[in-house]
$ cat structure.txt   # compact mmCIF, C-alpha atoms
# COMPACT_ATOMS: atom_id res chain seq x y z
CA MET A 1 61.97 -138.85 169.64
CA SER A 2 58.45 -138.50 171.01
CA ARG A 3 57.63 -135.86 168.34
CA TRP A 4 58.45 -138.41 165.64
CA ILE A 5 56.20 -141.00 167.28
CA ILE A 6 53.36 -138.47 167.43
CA LEU A 7 53.95 -137.57 163.78
CA ILE A 8 53.86 -141.19 162.62
CA ALA A 9 50.84 -142.04 164.79
CA SER A 10 49.00 -139.00 163.40
CA MET A 11 49.80 -140.03 159.84
CA LEU A 12 48.43 -143.51 160.52
CA ALA A 13 45.30 -142.00 162.09
CA ALA A 14 44.76 -139.81 159.01
CA VAL A 15 45.04 -142.85 156.74
CA ALA A 16 42.58 -144.71 159.00
CA CYS A 17 40.11 -141.81 158.66
CA VAL A 18 40.37 -141.98 154.87
CA GLU A 19 39.75 -145.73 155.06
CA MET A 20 36.59 -145.13 157.13
CA VAL A 21 35.33 -142.62 154.55
CA ARG A 22 36.13 -145.07 151.75
CA ARG A 23 34.21 -147.86 153.48
CA ALA A 24 31.26 -145.56 154.14
CA LEU A 25 31.16 -144.56 150.49
CA ARG A 26 31.35 -148.19 149.37
CA TRP A 27 28.73 -149.31 151.84
CA ARG A 28 26.14 -146.55 151.53
CA LEU A 29 26.51 -144.74 148.25
CA ILE A 30 27.76 -147.05 145.53
CA GLY A 31 24.99 -148.10 143.21
CA GLU A 32 21.92 -146.34 141.94
CA ARG A 33 21.87 -143.59 144.56
CA TRP A 34 25.14 -141.96 143.52
CA VAL A 35 26.76 -143.18 140.33
CA LEU A 36 29.96 -141.23 140.91
CA ALA A 37 30.80 -142.94 144.22
CA GLY A 38 32.04 -146.18 142.64
CA PRO A 39 34.56 -144.63 140.26
CA LEU A 40 35.70 -142.16 142.95
CA VAL A 41 36.35 -144.95 145.43
CA ARG A 42 38.14 -147.07 142.84
CA ARG A 43 40.35 -144.32 141.47
CA CYS A 44 40.94 -142.07 144.48
CA THR A 45 41.65 -144.52 147.31
CA TRP A 46 45.44 -144.66 147.04
CA PRO A 47 45.91 -140.97 146.21
CA ALA A 48 43.71 -140.10 149.20
CA PHE A 49 45.75 -142.35 151.51
CA ALA A 50 48.96 -140.72 150.29
CA LEU A 51 47.56 -137.19 150.56
CA ALA A 52 46.25 -137.81 154.09
CA ALA A 53 49.63 -139.04 155.27
CA VAL A 54 51.61 -136.27 153.56
CA ALA A 55 49.20 -133.51 154.61
CA THR A 56 49.44 -134.69 158.20
CA ALA A 57 53.23 -134.73 157.99
CA ASN A 58 53.18 -131.26 156.41
CA THR A 59 50.97 -129.96 159.22
CA LEU A 60 52.78 -131.55 162.16
CA TYR A 61 56.42 -131.42 161.08
CA ARG A 62 58.22 -128.56 162.79
CA PRO A 63 61.72 -127.23 162.15
CA GLY A 64 64.13 -128.63 164.67
CA MET A 65 62.77 -132.18 164.64
CA ALA A 66 65.80 -133.25 162.60
CA ARG A 67 69.39 -132.22 163.08
CA GLY A 68 71.29 -129.69 161.00
CA THR A 69 70.73 -129.27 157.29
CA LEU A 70 68.54 -132.36 157.19
CA ASP A 71 65.70 -130.19 158.44
CA ASP A 72 65.48 -128.15 155.22
CA ALA A 73 65.69 -131.27 153.08
CA ILE A 74 62.84 -132.91 155.00
CA GLU A 75 60.64 -129.81 154.70
CA ARG A 76 61.28 -129.50 150.96
CA THR A 77 60.66 -133.22 150.43
CA ILE A 78 57.34 -133.02 152.27
CA SER A 79 56.37 -130.01 150.14
CA LEU A 80 57.26 -131.86 146.95
CA PHE A 81 55.29 -134.92 148.04
CA MET A 82 52.34 -132.68 148.92
CA ILE A 83 52.28 -131.17 145.44
CA GLY A 84 52.62 -134.62 143.89
CA CYS A 85 49.81 -136.13 145.97
CA VAL A 86 47.41 -133.26 145.25
CA THR A 87 48.17 -133.63 141.54
CA TRP A 88 47.66 -137.39 141.65
CA LEU A 89 44.34 -137.01 143.47
CA ALA A 90 43.10 -134.27 141.13
CA ILE A 91 43.88 -136.32 138.03
CA GLN A 92 42.28 -139.46 139.45
CA ALA A 93 39.14 -137.54 140.51
CA ALA A 94 38.84 -136.06 137.01
CA TYR A 95 39.25 -139.52 135.50
CA ALA A 96 36.55 -140.87 137.85
CA VAL A 97 34.10 -138.20 136.69
CA THR A 98 34.81 -138.87 133.03
CA ASP A 99 34.61 -142.64 133.60
CA VAL A 100 30.92 -142.23 134.42
CA VAL A 101 30.30 -140.44 131.13
CA LEU A 102 32.40 -142.90 129.13
CA ASP A 103 30.60 -145.89 130.68
CA ARG A 104 27.26 -144.50 129.57
CA LEU A 105 28.52 -144.01 126.03
CA VAL A 106 29.52 -147.69 125.74
CA THR A 107 25.92 -148.86 125.86
CA VAL A 108 24.80 -146.69 122.92
CA GLU A 109 23.80 -148.78 119.90
CA GLY A 110 22.37 -148.23 116.46
CA GLU A 111 22.90 -145.06 114.45
CA ARG A 112 23.93 -143.10 117.50
CA ASN A 113 26.89 -145.48 118.05
CA ARG A 114 29.12 -143.59 115.61
CA ARG A 115 28.47 -140.32 117.41
CA ALA A 116 29.01 -141.99 120.80
CA ARG A 117 32.37 -143.40 119.67
CA ARG A 118 33.43 -139.94 118.43
CA ILE A 119 32.46 -138.39 121.78
CA ARG A 120 34.36 -141.14 123.65
CA THR A 121 37.46 -140.39 121.61
CA GLN A 122 37.14 -136.66 122.24
CA ILE A 123 36.64 -137.12 125.98
CA SER A 124 39.64 -139.46 126.17
CA LEU A 125 41.80 -136.96 124.31
CA VAL A 126 40.65 -134.01 126.42
CA ARG A 127 41.30 -135.82 129.69
CA ARG A 128 44.79 -136.83 128.59
CA VAL A 129 45.63 -133.29 127.53
CA ALA A 130 44.15 -131.92 130.77
CA SER A 131 46.21 -134.43 132.76
CA ALA A 132 49.36 -133.35 130.93
CA VAL A 133 48.60 -129.69 131.71
CA VAL A 134 47.99 -130.48 135.40
CA VAL A 135 51.25 -132.45 135.57
CA LEU A 136 53.18 -129.59 133.94
CA LEU A 137 51.68 -127.11 136.41
CA ALA A 138 52.63 -129.43 139.28
CA LEU A 139 56.19 -129.74 137.97
CA GLY A 140 56.36 -125.95 137.77
CA ALA A 141 55.10 -125.67 141.35
CA MET A 142 57.67 -128.25 142.44
CA LEU A 143 60.47 -126.32 140.76
CA PHE A 144 59.36 -123.11 142.44
CA THR A 145 60.02 -124.69 145.84
CA PHE A 146 63.73 -124.33 145.08
CA PRO A 147 64.94 -120.74 145.75
CA GLN A 148 67.42 -120.76 142.85
CA VAL A 149 64.76 -121.80 140.36
CA ARG A 150 62.24 -119.35 141.83
CA ALA A 151 64.59 -116.43 141.11
CA LEU A 152 65.23 -117.70 137.58
CA GLY A 153 61.51 -118.23 136.94
CA ALA A 154 60.59 -114.78 138.23
CA GLY A 155 63.23 -113.27 135.97
CA MET A 156 61.94 -115.19 132.97
CA LEU A 157 58.34 -114.20 133.69
CA ALA A 158 59.36 -110.56 134.09
CA SER A 159 61.33 -110.57 130.86
CA ALA A 160 58.47 -112.26 129.01
CA GLY A 161 56.11 -109.57 130.29
CA ILE A 162 58.43 -106.82 129.14
CA ALA A 163 59.08 -108.52 125.77
CA GLY A 164 55.35 -109.02 125.21
CA ARG A 165 54.55 -105.29 125.29
$ encode --input "structure.txt" --output "structure tokens"
Amino acid sequence: MSRWIILIASMLAAVACVEMVRRALRWRLIGERWVLAGPLVRRCTWPAFALAAVATANTLYRPGMARGTLDDAIERTISLFMIGCVTWLAIQAAYAVTDVVLDRLVTVEGERNRRARRIRTQISLVRRVASAVVVLLALGAMLFTFPQVRALGAGMLASAGIAGR
């Protein structure tokens, strides 16, 4: 029981550390000094909280903390959440970076406005496609955590390599 209390307390401490970093970024860096800080804080706060908690659980959870077959299920669930949180954070960070560019393109007026609108559309499309690719890679990584799917995937990759020659 004490291992579970340590695990939960550590997860809360990790989330508190992320909150301190978030407050420091908001307090010191948002504004003219670092334009990217505002969008990063806005978009990445919740994914960072989730990743801190799950990464701490992934680090501190040891086999034997749960009874029986529940142990494997807990380990796999933590792994799946870890992949999901990293994906969520990566997508939100990419959106924060592109938000800075898109915000600058809004203020363009005159003849350059048509070009700015075209660039905005292209950036929006590229970031959606990139997000879809990242999500598909994450789903593939999640599926590979299951031994049955890993064997099937390895067989498919091997057959595709042989068929491609």
$ residues_around --input "structure.txt" --residues "Ile78 of chain A" --least-positions-apart "2" --cutoff "12 Å" --atoms "all atoms listed in the file" --output "JSON, numbers by chain"
{"A": [50, 51, 53, 54, 55, 56, 57, 58, 59, 60, 61, 62, 71, 72, 73, 74, 75, 76, 80, 81, 82, 83, 84, 85, 142, 145]}
$ closest_residue --input "structure.txt" --among "A:Leu139, A:Val106, A:Leu25, A:Leu125" --to "Arg42 of chain A" --atoms "only C-alpha atoms"
A:Leu25
$ residues_around --input "structure.txt" --residues "Ala94 of chain A" --least-positions-apart "5" --cutoff "9 Å" --atoms "only C-alpha atoms" --output "PyMOL selection string"
chain A and resi 89+99+127+131
$ closest_residue --input "structure.txt" --among "A:Trp88, A:Leu152, A:Pro39, A:Arg118" --to "Ala132 of chain A" --atoms "all atoms listed in the file"
A:Trp88
$ closest_residue --input "structure.txt" --among "A:Leu143, A:Ile6, A:Val126, A:Leu136" --to "Thr98 of chain A" --atoms "only C-alpha atoms"
A:Val126
$ atom_distance --input "structure.txt" --atom1 "atom CA of Glu109 of chain A" --atom2 "atom CA of Ser124 of chain A"
19.4 Å
$ atom_distance --input "structure.txt" --atom1 "atom CA of Thr121 of chain A" --atom2 "atom CA of Val97 of chain A"
15.6 Å
$ residues_around --input "structure.txt" --residues "Ala116 of chain A" --least-positions-apart "6" --cutoff "10 Å" --atoms "only C-alpha atoms" --output "ChimeraX atom specification"
/A:102,104-109,122
$ atom_distance --input "structure.txt" --atom1 "atom CA of Pro47 of chain A" --atom2 "atom CA of Arg128 of chain A"
18.1 Å
$ closest_residue --input "structure.txt" --among "A:Leu36, A:Ile123, A:Val41, A:Ala52" --to "Ala16 of chain A" --atoms "only C-alpha atoms"
A:Ala52
$ closest_residue --input "structure.txt" --among "A:Phe146, A:Ser10, A:Arg26, A:Val134" --to "Thr87 of chain A" --atoms "only C-alpha atoms"
A:Val134
